[in-house]
$ cat entry.pdb   # PDB, C-alpha atoms
ATOM      1  CA  MET A   1     100.587  75.412 114.557  1.00  0.00           C
ATOM      2  CA  PRO A   2      97.989  77.598 112.769  1.00  0.00           C
ATOM      3  CA  PRO A   3      95.909  76.090 109.949  1.00  0.00           C
ATOM      4  CA  LEU A   4      97.608  76.094 106.567  1.00  0.00           C
ATOM      5  CA  LYS A   5      94.964  78.423 105.154  1.00  0.00           C
ATOM      6  CA  TYR A   6      96.584  81.321 107.031  1.00  0.00           C
ATOM      7  CA  PHE A   7      99.903  80.878 105.229  1.00  0.00           C
ATOM      8  CA  ALA A   8      98.462  81.964 101.873  1.00  0.00           C
ATOM      9  CA  PRO A   9      97.501  85.563 102.786  1.00  0.00           C
ATOM     10  CA  ASN A  10     100.449  85.969 105.141  1.00  0.00           C
ATOM     11  CA  SER A  11     102.847  84.916 102.391  1.00  0.00           C
ATOM     12  CA  PHE A  12     101.552  87.760 100.216  1.00  0.00           C
ATOM     13  CA  THR A  13     102.100  90.145 103.120  1.00  0.00           C
ATOM     14  CA  ALA A  14     105.626  88.800 103.564  1.00  0.00           C
ATOM     15  CA  VAL A  15     106.427  89.406  99.891  1.00  0.00           C
ATOM     16  CA  SER A  16     105.122  92.974 100.187  1.00  0.00           C
ATOM     17  CA  LEU A  17     107.385  93.575 103.175  1.00  0.00           C
ATOM     18  CA  VAL A  18     110.446  92.113 101.424  1.00  0.00           C
ATOM     19  CA  LEU A  19     109.750  94.274  98.358  1.00  0.00           C
ATOM     20  CA  GLY A  20     109.714  97.306 100.629  1.00  0.00           C
ATOM     21  CA  LEU A  21     113.081  96.356 102.089  1.00  0.00           C
ATOM     22  CA  ALA A  22     114.486  95.723  98.622  1.00  0.00           C
ATOM     23  CA  SER A  23     113.186  99.104  97.477  1.00  0.00           C
ATOM     24  CA  VAL A  24     115.075 100.834 100.278  1.00  0.00           C
ATOM     25  CA  VAL A  25     118.278  98.984  99.330  1.00  0.00           C
ATOM     26  CA  CYS A  26     117.829  99.990  95.685  1.00  0.00           C
ATOM     27  CA  SER A  27     117.341 103.616  96.691  1.00  0.00           C
ATOM     28  CA  THR A  28     120.534 103.638  98.746  1.00  0.00           C
ATOM     29  CA  ARG A  29     122.441 102.274  95.732  1.00  0.00           C
ATOM     30  CA  GLY A  30     121.012 104.719  93.221  1.00  0.00           C
ATOM     31  CA  HIS A  31     118.641 102.320  91.440  1.00  0.00           C
ATOM     32  CA  TYR A  32     115.711 104.699  91.800  1.00  0.00           C
ATOM     33  CA  GLU A  33     113.518 103.445  88.983  1.00  0.00           C
ATOM     34  CA  LEU A  34     113.617  99.861  90.241  1.00  0.00           C
ATOM     35  CA  ALA A  35     113.017 101.079  93.790  1.00  0.00           C
ATOM     36  CA  ALA A  36     109.849 102.876  92.679  1.00  0.00           C
ATOM     37  CA  TRP A  37     108.563  99.861  90.767  1.00  0.00           C
ATOM     38  CA  MET A  38     109.090  97.708  93.849  1.00  0.00           C
ATOM     39  CA  ILE A  39     106.790 100.006  95.805  1.00  0.00           C
ATOM     40  CA  LEU A  40     104.109  99.491  93.152  1.00  0.00           C
ATOM     41  CA  TRP A  41     104.665  95.730  93.195  1.00  0.00           C
ATOM     42  CA  GLY A  42     104.243  95.827  96.951  1.00  0.00           C
ATOM     43  CA  THR A  43     100.916  97.583  96.437  1.00  0.00           C
ATOM     44  CA  LEU A  44      99.682  94.687  94.314  1.00  0.00           C
ATOM     45  CA  PHE A  45     100.690  92.109  96.913  1.00  0.00           C
ATOM     46  CA  ASP A  46      99.145  94.223  99.667  1.00  0.00           C
ATOM     47  CA  LYS A  47      95.834  94.197  97.839  1.00  0.00           C
ATOM     48  CA  ALA A  48      96.143  90.487  97.119  1.00  0.00           C
ATOM     49  CA  ASP A  49      96.706  89.426 100.727  1.00  0.00           C
ATOM     50  CA  GLY A  50      93.380  90.894 101.841  1.00  0.00           C
ATOM     51  CA  THR A  51      91.562  89.319  98.913  1.00  0.00           C
ATOM     52  CA  VAL A  52      93.128  85.917  99.545  1.00  0.00           C
ATOM     53  CA  ALA A  53      92.359  86.167 103.270  1.00  0.00           C
ATOM     54  CA  ARG A  54      88.683  86.765 102.564  1.00  0.00           C
ATOM     55  CA  LEU A  55      88.488  84.025  99.922  1.00  0.00           C
ATOM     56  CA  CYS A  56      90.136  81.514 102.281  1.00  0.00           C
ATOM     57  CA  ASN A  57      88.221  82.767 105.308  1.00  0.00           C
ATOM     58  CA  ALA A  58      91.646  83.274 106.872  1.00  0.00           C
ATOM     59  CA  THR A  59      91.472  86.732 108.424  1.00  0.00           C
ATOM     60  CA  SER A  60      93.143  86.954 111.824  1.00  0.00           C
ATOM     61  CA  GLU A  61      94.448  89.438 114.360  1.00  0.00           C
ATOM     62  CA  PHE A  62      97.972  88.245 113.550  1.00  0.00           C
ATOM     63  CA  GLY A  63      97.381  89.025 109.881  1.00  0.00           C
ATOM     64  CA  VAL A  64      96.242  92.544 110.710  1.00  0.00           C
ATOM     65  CA  GLN A  65      99.330  93.257 112.815  1.00  0.00           C
ATOM     66  CA  PHE A  66     101.684  91.629 110.310  1.00  0.00           C
ATOM     67  CA  ASP A  67     100.116  93.684 107.545  1.00  0.00           C
ATOM     68  CA  SER A  68     100.753  96.868 109.533  1.00  0.00           C
ATOM     69  CA  PHE A  69     104.468  96.103 109.791  1.00  0.00           C
ATOM     70  CA  ALA A  70     104.637  95.377 106.061  1.00  0.00           C
ATOM     71  CA  ASP A  71     102.763  98.587 105.215  1.00  0.00           C
ATOM     72  CA  PHE A  72     105.079 100.678 107.357  1.00  0.00           C
ATOM     73  CA  VAL A  73     108.123  99.333 105.520  1.00  0.00           C
ATOM     74  CA  SER A  74     106.739  99.270 101.967  1.00  0.00           C
ATOM     75  CA  PHE A  75     104.622 102.447 101.994  1.00  0.00           C
ATOM     76  CA  GLY A  76     106.216 104.449 104.788  1.00  0.00           C
ATOM     77  CA  ILE A  77     109.963 103.890 104.797  1.00  0.00           C
ATOM     78  CA  ALA A  78     110.398 102.938 101.114  1.00  0.00           C
ATOM     79  CA  PRO A  79     108.771 106.058  99.542  1.00  0.00           C
ATOM     80  CA  ALA A  80     110.566 108.292 102.045  1.00  0.00           C
ATOM     81  CA  ALA A  81     113.885 106.613 101.229  1.00  0.00           C
ATOM     82  CA  LEU A  82     113.227 106.903  97.488  1.00  0.00           C
ATOM     83  CA  VAL A  83     112.739 110.660  97.678  1.00  0.00           C
ATOM     84  CA  TYR A  84     115.515 111.215 100.216  1.00  0.00           C
ATOM     85  CA  PHE A  85     118.284 109.343  98.423  1.00  0.00           C
ATOM     86  CA  ARG A  86     117.254 110.628  94.988  1.00  0.00           C
ATOM     87  CA  LEU A  87     117.587 114.234  96.154  1.00  0.00           C
ATOM     88  CA  ALA A  88     120.256 113.987  98.863  1.00  0.00           C
ATOM     89  CA  ASN A  89     123.187 114.568  96.522  1.00  0.00           C
ATOM     90  CA  GLU A  90     121.530 115.751  93.328  1.00  0.00           C
ATOM     91  CA  SER A  91     119.372 118.755  94.127  1.00  0.00           C
ATOM     92  CA  SER A  92     119.345 122.141  95.782  1.00  0.00           C
ATOM     93  CA  THR A  93     116.755 121.040  98.354  1.00  0.00           C
ATOM     94  CA  PRO A  94     118.024 121.954 101.850  1.00  0.00           C
ATOM     95  CA  PRO A  95     119.171 118.715 103.549  1.00  0.00           C
ATOM     96  CA  VAL A  96     117.344 119.622 106.756  1.00  0.00           C
ATOM     97  CA  PHE A  97     114.024 120.023 104.955  1.00  0.00           C
ATOM     98  CA  LEU A  98     114.584 116.877 102.905  1.00  0.00           C
ATOM     99  CA  GLY A  99     115.358 114.768 105.977  1.00  0.00           C
ATOM    100  CA  ALA A 100     112.500 116.295 107.964  1.00  0.00           C
ATOM    101  CA  ALA A 101     110.017 115.648 105.135  1.00  0.00           C
ATOM    102  CA  ALA A 102     111.078 112.002 104.825  1.00  0.00           C
ATOM    103  CA  ALA A 103     110.901 111.465 108.590  1.00  0.00           C
ATOM    104  CA  PHE A 104     107.543 113.229 108.873  1.00  0.00           C
ATOM    105  CA  TYR A 105     106.069 111.037 106.131  1.00  0.00           C
ATOM    106  CA  ALA A 106     107.217 107.773 107.743  1.00  0.00           C
ATOM    107  CA  LEU A 107     106.062 108.965 111.166  1.00  0.00           C
ATOM    108  CA  ALA A 108     102.628 109.924 109.824  1.00  0.00           C
ATOM    109  CA  LEU A 109     102.063 106.476 108.366  1.00  0.00           C
ATOM    110  CA  SER A 110     103.080 104.806 111.617  1.00  0.00           C
ATOM    111  CA  VAL A 111     100.564 106.999 113.458  1.00  0.00           C
ATOM    112  CA  ARG A 112      97.876 106.139 110.926  1.00  0.00           C
ATOM    113  CA  LEU A 113      98.466 102.403 111.220  1.00  0.00           C
ATOM    114  CA  ALA A 114      98.560 102.510 115.020  1.00  0.00           C
ATOM    115  CA  ARG A 115      95.347 104.538 115.069  1.00  0.00           C
ATOM    116  CA  PHE A 116      93.600 102.095 112.765  1.00  0.00           C
ATOM    117  CA  ASN A 117      94.596  99.099 114.897  1.00  0.00           C
ATOM    118  CA  ILE A 118      92.907 100.496 118.006  1.00  0.00           C
ATOM    119  CA  THR A 119      89.841 102.211 116.565  1.00  0.00           C
ATOM    120  CA  THR A 120      86.820 101.446 114.446  1.00  0.00           C
ATOM    121  CA  GLY A 121      85.985 103.196 111.209  1.00  0.00           C
ATOM    122  CA  GLY A 122      83.457 103.548 108.440  1.00  0.00           C
ATOM    123  CA  GLU A 123      82.676 100.398 106.491  1.00  0.00           C
ATOM    124  CA  GLY A 124      82.485 102.076 103.112  1.00  0.00           C
ATOM    125  CA  VAL A 125      85.069 104.842 103.412  1.00  0.00           C
ATOM    126  CA  PHE A 126      88.644 105.451 104.504  1.00  0.00           C
ATOM    127  CA  PHE A 127      89.199 108.162 107.082  1.00  0.00           C
ATOM    128  CA  GLY A 128      92.401 109.783 105.903  1.00  0.00           C
ATOM    129  CA  ILE A 129      94.168 108.766 102.700  1.00  0.00           C
ATOM    130  CA  PRO A 130      95.433 105.152 102.945  1.00  0.00           C
ATOM    131  CA  GLY A 131      99.190 104.683 103.199  1.00  0.00           C
ATOM    132  CA  THR A 132      99.163 102.020 100.486  1.00  0.00           C
ATOM    133  CA  PHE A 133      97.501 104.442  98.107  1.00  0.00           C
ATOM    134  CA  MET A 134      99.853 107.282  99.012  1.00  0.00           C
ATOM    135  CA  GLY A 135     102.926 105.101  98.479  1.00  0.00           C
ATOM    136  CA  ALA A 136     101.644 104.033  95.071  1.00  0.00           C
ATOM    137  CA  LEU A 137     100.823 107.628  94.150  1.00  0.00           C
ATOM    138  CA  ILE A 138     104.340 108.826  94.997  1.00  0.00           C
ATOM    139  CA  ALA A 139     105.992 105.910  93.191  1.00  0.00           C
ATOM    140  CA  SER A 140     103.901 106.303  90.030  1.00  0.00           C
ATOM    141  CA  ALA A 141     104.505 110.076  89.977  1.00  0.00           C
ATOM    142  CA  PHE A 142     108.253 109.480  90.392  1.00  0.00           C
ATOM    143  CA  LEU A 143     108.282 106.928  87.564  1.00  0.00           C
ATOM    144  CA  THR A 144     106.285 109.233  85.300  1.00  0.00           C
ATOM    145  CA  ALA A 145     108.780 112.035  85.884  1.00  0.00           C
ATOM    146  CA  LEU A 146     111.635 109.657  85.054  1.00  0.00           C
ATOM    147  CA  LYS A 147     109.934 108.285  81.940  1.00  0.00           C
ATOM    148  CA  TYR A 148     109.333 111.711  80.431  1.00  0.00           C
ATOM    149  CA  LYS A 149     112.722 113.049  81.568  1.00  0.00           C
ATOM    150  CA  LEU A 150     111.165 115.985  83.395  1.00  0.00           C
ATOM    151  CA  PRO A 151     113.525 118.723  84.628  1.00  0.00           C
ATOM    152  CA  GLU A 152     115.379 118.284  87.909  1.00  0.00           C
ATOM    153  CA  SER A 153     113.271 121.077  89.366  1.00  0.00           C
ATOM    154  CA  VAL A 154     110.237 118.757  89.243  1.00  0.00           C
ATOM    155  CA  PHE A 155     111.910 116.295  91.594  1.00  0.00           C
ATOM    156  CA  GLY A 156     112.513 119.183  93.968  1.00  0.00           C
ATOM    157  CA  TYR A 157     108.769 119.217  94.693  1.00  0.00           C
ATOM    158  CA  PHE A 158     108.722 115.653  96.015  1.00  0.00           C
ATOM    159  CA  PRO A 159     109.695 116.549  99.618  1.00  0.00           C
ATOM    160  CA  SER A 160     106.656 118.840  99.687  1.00  0.00           C
ATOM    161  CA  VAL A 161     104.582 115.970  98.301  1.00  0.00           C
ATOM    162  CA  LEU A 162     105.781 113.850 101.239  1.00  0.00           C
ATOM    163  CA  VAL A 163     104.659 116.528 103.694  1.00  0.00           C
ATOM    164  CA  VAL A 164     101.240 116.947 102.071  1.00  0.00           C
ATOM    165  CA  GLY A 165     100.841 113.174 101.834  1.00  0.00           C
ATOM    166  CA  ALA A 166     101.712 112.772 105.504  1.00  0.00           C
ATOM    167  CA  ILE A 167      99.066 115.284 106.525  1.00  0.00           C
ATOM    168  CA  ALA A 168      96.514 113.631 104.234  1.00  0.00           C
ATOM    169  CA  MET A 169      97.153 110.205 105.787  1.00  0.00           C
ATOM    170  CA  VAL A 170      96.450 111.343 109.349  1.00  0.00           C
ATOM    171  CA  SER A 171      93.603 113.682 108.396  1.00  0.00           C
ATOM    172  CA  THR A 172      89.889 112.935 108.567  1.00  0.00           C
ATOM    173  CA  VAL A 173      89.427 113.377 104.810  1.00  0.00           C
ATOM    174  CA  ARG A 174      87.112 110.638 103.567  1.00  0.00           C
ATOM    175  CA  LEU A 175      87.760 108.493 100.503  1.00  0.00           C
ATOM    176  CA  PRO A 176      85.409 105.731  99.258  1.00  0.00           C
ATOM    177  CA  LYS A 177      86.794 102.213  99.373  1.00  0.00           C
ATOM    178  CA  LEU A 178      87.146 100.199  96.187  1.00  0.00           C
ATOM    179  CA  LYS A 179      84.328  97.681  96.391  1.00  0.00           C
ATOM    180  CA  ALA A 180      81.374  96.403  94.399  1.00  0.00           C
ATOM    181  CA  ARG A 181      78.797  99.110  93.694  1.00  0.00           C
ATOM    182  CA  LYS A 182      75.178  99.078  92.587  1.00  0.00           C
ATOM    183  CA  ASN A 183      76.111 100.571  89.230  1.00  0.00           C
ATOM    184  CA  LYS A 184      77.195  97.750  86.897  1.00  0.00           C
ATOM    185  CA  TRP A 185      79.249  99.986  84.624  1.00  0.00           C
ATOM    186  CA  LEU A 186      81.071 101.542  87.541  1.00  0.00           C
ATOM    187  CA  ASN A 187      82.022  98.042  88.673  1.00  0.00           C
ATOM    188  CA  VAL A 188      83.277  97.191  85.199  1.00  0.00           C
ATOM    189  CA  PHE A 189      85.349 100.384  85.162  1.00  0.00           C
ATOM    190  CA  GLN A 190      86.820  99.661  88.602  1.00  0.00           C
ATOM    191  CA  TYR A 191      87.737  96.048  87.969  1.00  0.00           C
ATOM    192  CA  ALA A 192      89.064  96.702  84.470  1.00  0.00           C
ATOM    193  CA  ASN A 193      91.459  99.333  85.770  1.00  0.00           C
ATOM    194  CA  VAL A 194      92.573  97.119  88.643  1.00  0.00           C
ATOM    195  CA  ALA A 195      93.295  94.394  86.086  1.00  0.00           C
ATOM    196  CA  VAL A 196      95.330  96.830  83.984  1.00  0.00           C
ATOM    197  CA  ALA A 197      97.406  97.744  87.045  1.00  0.00           C
ATOM    198  CA  TYR A 198      98.148  94.067  87.715  1.00  0.00           C
ATOM    199  CA  VAL A 199      99.435  93.735  84.142  1.00  0.00           C
ATOM    200  CA  ALA A 200     101.248  97.063  83.739  1.00  0.00           C
ATOM    201  CA  ALA A 201     103.204  97.058  87.002  1.00  0.00           C
ATOM    202  CA  PRO A 202     104.902  93.639  86.612  1.00  0.00           C
ATOM    203  CA  PHE A 203     105.949  94.575  83.075  1.00  0.00           C
ATOM    204  CA  ARG A 204     107.083  98.029  84.226  1.00  0.00           C
ATOM    205  CA  VAL A 205     105.005  99.943  81.695  1.00  0.00           C
ATOM    206  CA  PHE A 206     102.543 102.857  81.722  1.00  0.00           C
ATOM    207  CA  PRO A 207     103.353 104.491  85.075  1.00  0.00           C
ATOM    208  CA  GLU A 208     101.540 107.581  83.807  1.00  0.00           C
ATOM    209  CA  TYR A 209      98.363 105.534  83.420  1.00  0.00           C
ATOM    210  CA  MET A 210      98.569 104.361  87.027  1.00  0.00           C
ATOM    211  CA  LEU A 211      99.299 107.911  88.165  1.00  0.00           C
ATOM    212  CA  GLY A 212      96.253 109.133  86.265  1.00  0.00           C
ATOM    213  CA  LEU A 213      94.058 106.447  87.832  1.00  0.00           C
ATOM    214  CA  ALA A 214      95.292 107.368  91.299  1.00  0.00           C
ATOM    215  CA  LEU A 215      94.625 111.073  90.785  1.00  0.00           C
ATOM    216  CA  VAL A 216      91.143 110.477  89.328  1.00  0.00           C
ATOM    217  CA  TYR A 217      90.282 108.191  92.234  1.00  0.00           C
ATOM    218  CA  LEU A 218      91.651 110.661  94.782  1.00  0.00           C
ATOM    219  CA  VAL A 219      90.003 113.792  93.407  1.00  0.00           C
ATOM    220  CA  GLY A 220      86.748 112.082  92.431  1.00  0.00           C
ATOM    221  CA  GLY A 221      86.480 110.087  95.649  1.00  0.00           C
ATOM    222  CA  VAL A 222      87.207 112.961  98.013  1.00  0.00           C
ATOM    223  CA  GLY A 223      84.876 115.211  96.028  1.00  0.00           C
ATOM    224  CA  TYR A 224      82.090 112.638  96.188  1.00  0.00           C
ATOM    225  CA  CYS A 225      82.432 112.287  99.958  1.00  0.00           C
ATOM    226  CA  MET A 226      82.395 116.044 100.412  1.00  0.00           C
ATOM    227  CA  LEU A 227      79.165 116.279  98.431  1.00  0.00           C
ATOM    228  CA  HIS A 228      77.651 113.229 100.189  1.00  0.00           C
ATOM    229  CA  PRO A 229      78.580 113.496 103.888  1.00  0.00           C
ATOM    230  CA  GLU A 230      76.206 110.658 104.730  1.00  0.00           C
ATOM    231  CA  ALA A 231      77.890 108.156 102.383  1.00  0.00           C
ATOM    232  CA  ASP A 232      78.846 104.900 104.124  1.00  0.00           C
ATOM    233  CA  GLY A 233      80.326 106.462 107.202  1.00  0.00           C
ATOM    234  CA  HIS A 234      78.287 104.925 109.993  1.00  0.00           C
ATOM    235  CA  ASP A 235      78.650 101.154 109.793  1.00  0.00           C
ATOM    236  CA  GLU A 236      81.559 100.103 111.937  1.00  0.00           C
ATOM    237  CA  GLU A 237      84.094  97.358 111.369  1.00  0.00           C
ATOM    238  CA  LYS A 238      86.355  95.781 113.954  1.00  0.00           C
ATOM    239  CA  PRO A 239      90.065  96.463 113.470  1.00  0.00           C
ATOM    240  CA  GLY A 240      90.768  92.736 113.564  1.00  0.00           C
ATOM    241  CA  ALA A 241      88.347  91.913 110.772  1.00  0.00           C
ATOM    242  CA  ALA A 242      89.320  92.028 107.121  1.00  0.00           C
ATOM    243  CA  SER A 243      91.813  94.904 107.410  1.00  0.00           C
ATOM    244  CA  ASN A 244      90.263  96.562 104.389  1.00  0.00           C
ATOM    245  CA  ASP A 245      91.922  99.864 105.256  1.00  0.00           C
ATOM    246  CA  ARG A 246      95.214  98.492 104.007  1.00  0.00           C
ATOM    247  CA  HIS A 247      94.236  96.605 100.886  1.00  0.00           C
ATOM    248  CA  LEU A 248      93.874  99.047  98.051  1.00  0.00           C
ATOM    249  CA  ALA A 249      94.582  98.751  94.331  1.00  0.00           C
ATOM    250  CA  ALA A 250      95.804 102.102  93.150  1.00  0.00           C
TER     251      ALA A 250
END
$ encode --input "entry.pdb" --output "structure tokens"
Amino acid sequence: MPPLKYFAPNSFTAVSLVLGLASVVCSTRGHYELAAWMILWGTLFDKADGTVARLCNATSEFGVQFDSFADFVSFGIAPAALVYFRLANESSTPPVFLGAAAAFYALALSVRLARFNITTGGEGVFFGIPGTFMGALIASAFLTALKYKLPESVFGYFPSVLVVGAIAMVSTVRLPKLKARKNKWLNVFQYANVAVAYVAAPFRVFPEYMLGLALVYLVGGVGYCMLHPEADGHDEEKPGAASNDRHLAA
């Protein structure tokens, strides 16, 4: 029997996986808003399991593999199901394109996770946009559109978002990881916004704020890496280490 310390991080991973399953069920039954929030809740637990694992010195190869399964469900299948079932009977989007976009998105995340598990990567950057981040971005955008009662035509763009997101996940685009920096004020900004996300998501408020944070991080981070090609891309980490690639607060 493994030491009890391993149950703490793995329990967070298990909750993330169950939230992903519940999100899919909600999508099939037409409870789209709740389904989207569950994806965001899964993001919080996904971030927490890595943090708890490091605090407890409980990282393990099992945890990395378990986390991959949870990520595939919560940030691969669940966002694809959310978009598919929301548009399947309520939009003019061609069913073939809708189904293909959803399948392509889930497939891309599975490829990304499999690739990560067998390769090494940069210590300070993600190569390709993380699936956790992409799932949170789609969910927060969906919730923002619902909150402001945007026209049905806006939802028609979500299959294209799935396709673009899929390509971004398996690309070599670099994005800085959220971690402590030398700049004190940047650290304060990072941690304050992470704290806001952990308050807003459970209370189901301010999805537009979380969407804004995600977009600022995405555009600013990718832009920074493009301007600084030498930034934190050479130190390697073993895939069985802390699994930082899959613990991201959006």
$ closest_atom_pairs --input "entry.pdb" --of "region 162-194 of chain A" --to "region 208-228 of chain A" --cutoff "7 Å" --atoms "all atoms listed in the file" --output "Markdown table"
| residue | atom | partner | partner_atom | distance |
| --- | --- | --- | --- | --- |
| A:Arg174 | CA | A:Val222 | CA | 6.0 |
| A:Leu175 | CA | A:Val222 | CA | 5.1 |
| A:Pro176 | CA | A:Gly221 | CA | 5.8 |
$ write_last_selection --input "entry.pdb" --atoms "C-alpha atoms" --output "short mmCIF file (atom, residue, chain, number, x, y, z; two decimals), in the coordinates of the input"
data_model
loop_
_atom_site.label_atom_id
_atom_site.label_comp_id
_atom_site.auth_asym_id
_atom_site.auth_seq_id
_atom_site.Cartn_x
_atom_site.Cartn_y
_atom_site.Cartn_z
CA ARG A 174 87.11 110.64 103.57
CA LEU A 175 87.76 108.49 100.50
CA PRO A 176 85.41 105.73 99.26
#
$ closest_residue --input "entry.pdb" --among "A:Tyr105, A:Tyr6, A:Phe116, A:Tyr157" --to "Ala80 (chain A)" --atoms "all atoms listed in the file"
A:Tyr105
$ resolve_selection --input "entry.pdb" --expression "the PyMOL selection byres ((chain A and resi 137) around 8)" --output "short mmCIF file (atom, residue, chain, number, x, y, z; two decimals) with C-alpha atoms, in the coordinates of the input"
data_model
loop_
_atom_site.label_atom_id
_atom_site.label_comp_id
_atom_site.auth_asym_id
_atom_site.auth_seq_id
_atom_site.Cartn_x
_atom_site.Cartn_y
_atom_site.Cartn_z
CA PHE A 133 97.50 104.44 98.11
CA MET A 134 99.85 107.28 99.01
CA GLY A 135 102.93 105.10 98.48
CA ALA A 136 101.64 104.03 95.07
CA ILE A 138 104.34 108.83 95.00
CA ALA A 139 105.99 105.91 93.19
CA SER A 140 103.90 106.30 90.03
CA ALA A 141 104.50 110.08 89.98
CA LEU A 211 99.30 107.91 88.16
CA ALA A 214 95.29 107.37 91.30
CA LEU A 215 94.62 111.07 90.78
CA ALA A 250 95.80 102.10 93.15
#
$ closest_residue --input "entry.pdb" --among "A:Cys26, A:Ala168, A:Ile118, A:Val83" --to "Phe155 (chain A)" --atoms "all atoms listed in the file"
A:Val83
$ atom_distance --input "entry.pdb" --atom1 "CA of Gly76 (chain A)" --atom2 "CA of Ala102 (chain A)"
9.0 Å
$ resolve_selection --input "entry.pdb" --expression "the PyMOL selection byres ((chain A and resi 24) around 7)" --output "PyMOL selection string"
chain A and resi 20-23+25-28+35+78+81-82
$ closest_residue --input "entry.pdb" --among "A:Phe12, A:Trp37, A:Tyr198, A:Phe85" --to "Asp67 (chain A)" --atoms "all atoms listed in the file"
A:Phe12
$ resolve_selection --input "entry.pdb" --expression "the PyMOL selection byres ((chain A and resi 9) around 9)" --output "list of chain:residue names"
A:Lys5, A:Tyr6, A:Phe7, A:Ala8, A:Asn10, A:Ser11, A:Phe12, A:Thr13, A:Ala14, A:Ala48, A:Asp49, A:Gly50, A:Thr51, A:Val52, A:Ala53, A:Arg54, A:Cys56, A:Ala58, A:Thr59, A:Gly63
$ atom_distance --input "entry.pdb" --atom1 "CA of Phe72 (chain A)" --atom2 "CA of Thr119 (chain A)"
17.9 Å
$ axis_aligned_box --input "entry.pdb" --around "region 96-114 of chain A" --padding-each-side "3 Å" --output "lines of an AutoDock Vina configuration file"
center_x = 107.6
center_y = 111.2
center_z = 109.0
size_x = 25.5
size_y = 23.6
size_z = 18.1
$ atom_distance --input "entry.pdb" --atom1 "CA of Met38 (chain A)" --atom2 "CA of Ala70 (chain A)"
13.2 Å
$ closest_residue --input "entry.pdb" --among "A:Val164, A:Val96, A:Leu44, A:Leu19" --to "Val199 (chain A)" --atoms "all atoms listed in the file"
A:Leu44
$ decode --input "entry.pdb" --residues "region 113-128 of chain A" --atoms "N, CA and C atoms" --output "PDB file, in the first residue's frame"
ATOM      1  N   LEU A 113      -1.063  15.077 -24.411  1.00  0.00           N
ATOM      2  CA  LEU A 113      -0.763  14.418 -23.145  1.00  0.00           C
ATOM      3  C   LEU A 113       0.174  13.229 -23.349  1.00  0.00           C
ATOM      4  N   ALA A 114      -0.069  12.455 -24.406  1.00  0.00           N
ATOM      5  CA  ALA A 114       0.807  11.321 -24.694  1.00  0.00           C
ATOM      6  C   ALA A 114       2.218  11.805 -25.020  1.00  0.00           C
ATOM      7  N   ARG A 115       2.317  12.884 -25.776  1.00  0.00           N
ATOM      8  CA  ARG A 115       3.624  13.431 -26.125  1.00  0.00           C
ATOM      9  C   ARG A 115       4.374  13.910 -24.893  1.00  0.00           C
ATOM     10  N   PHE A 116       3.656  14.558 -23.986  1.00  0.00           N
ATOM     11  CA  PHE A 116       4.297  15.060 -22.775  1.00  0.00           C
ATOM     12  C   PHE A 116       4.832  13.916 -21.924  1.00  0.00           C
ATOM     13  N   ASN A 117       4.090  12.817 -21.850  1.00  0.00           N
ATOM     14  CA  ASN A 117       4.468  11.706 -20.978  1.00  0.00           C
ATOM     15  C   ASN A 117       5.719  10.968 -21.444  1.00  0.00           C
ATOM     16  N   ILE A 118       6.114  11.160 -22.703  1.00  0.00           N
ATOM     17  CA  ILE A 118       7.280  10.431 -23.200  1.00  0.00           C
ATOM     18  C   ILE A 118       8.424  11.341 -23.611  1.00  0.00           C
ATOM     19  N   THR A 119       8.276  12.642 -23.411  1.00  0.00           N
ATOM     20  CA  THR A 119       9.329  13.571 -23.800  1.00  0.00           C
ATOM     21  C   THR A 119       9.692  14.490 -22.649  1.00  0.00           C
ATOM     22  N   THR A 120      10.765  15.216 -22.824  1.00  0.00           N
ATOM     23  CA  THR A 120      11.153  16.253 -21.881  1.00  0.00           C
ATOM     24  C   THR A 120      10.826  17.605 -22.474  1.00  0.00           C
ATOM     25  N   GLY A 121      10.766  18.614 -21.653  1.00  0.00           N
ATOM     26  CA  GLY A 121      10.412  19.944 -22.141  1.00  0.00           C
ATOM     27  C   GLY A 121      11.114  21.035 -21.367  1.00  0.00           C
ATOM     28  N   GLY A 122      10.832  22.273 -21.740  1.00  0.00           N
ATOM     29  CA  GLY A 122      11.459  23.397 -21.065  1.00  0.00           C
ATOM     30  C   GLY A 122      10.949  23.547 -19.646  1.00  0.00           C
ATOM     31  N   GLU A 123      11.830  23.923 -18.741  1.00  0.00           N
ATOM     32  CA  GLU A 123      11.451  24.051 -17.336  1.00  0.00           C
ATOM     33  C   GLU A 123      10.568  25.256 -17.096  1.00  0.00           C
ATOM     34  N   GLY A 124      10.804  26.335 -17.843  1.00  0.00           N
ATOM     35  CA  GLY A 124      10.071  27.561 -17.567  1.00  0.00           C
ATOM     36  C   GLY A 124       8.950  27.874 -18.532  1.00  0.00           C
ATOM     37  N   VAL A 125       8.788  27.060 -19.572  1.00  0.00           N
ATOM     38  CA  VAL A 125       7.757  27.348 -20.568  1.00  0.00           C
ATOM     39  C   VAL A 125       6.994  26.082 -20.936  1.00  0.00           C
ATOM     40  N   PHE A 126       5.765  26.286 -21.421  1.00  0.00           N
ATOM     41  CA  PHE A 126       4.994  25.211 -22.034  1.00  0.00           C
ATOM     42  C   PHE A 126       5.312  25.217 -23.518  1.00  0.00           C
ATOM     43  N   PHE A 127       5.410  24.065 -24.125  1.00  0.00           N
ATOM     44  CA  PHE A 127       5.499  23.962 -25.567  1.00  0.00           C
ATOM     45  C   PHE A 127       4.130  23.525 -26.073  1.00  0.00           C
ATOM     46  N   GLY A 128       3.437  24.442 -26.727  1.00  0.00           N
ATOM     47  CA  GLY A 128       2.034  24.239 -27.047  1.00  0.00           C
ATOM     48  C   GLY A 128       1.190  24.761 -25.891  1.00  0.00           C
TER      49      GLY A 128
END
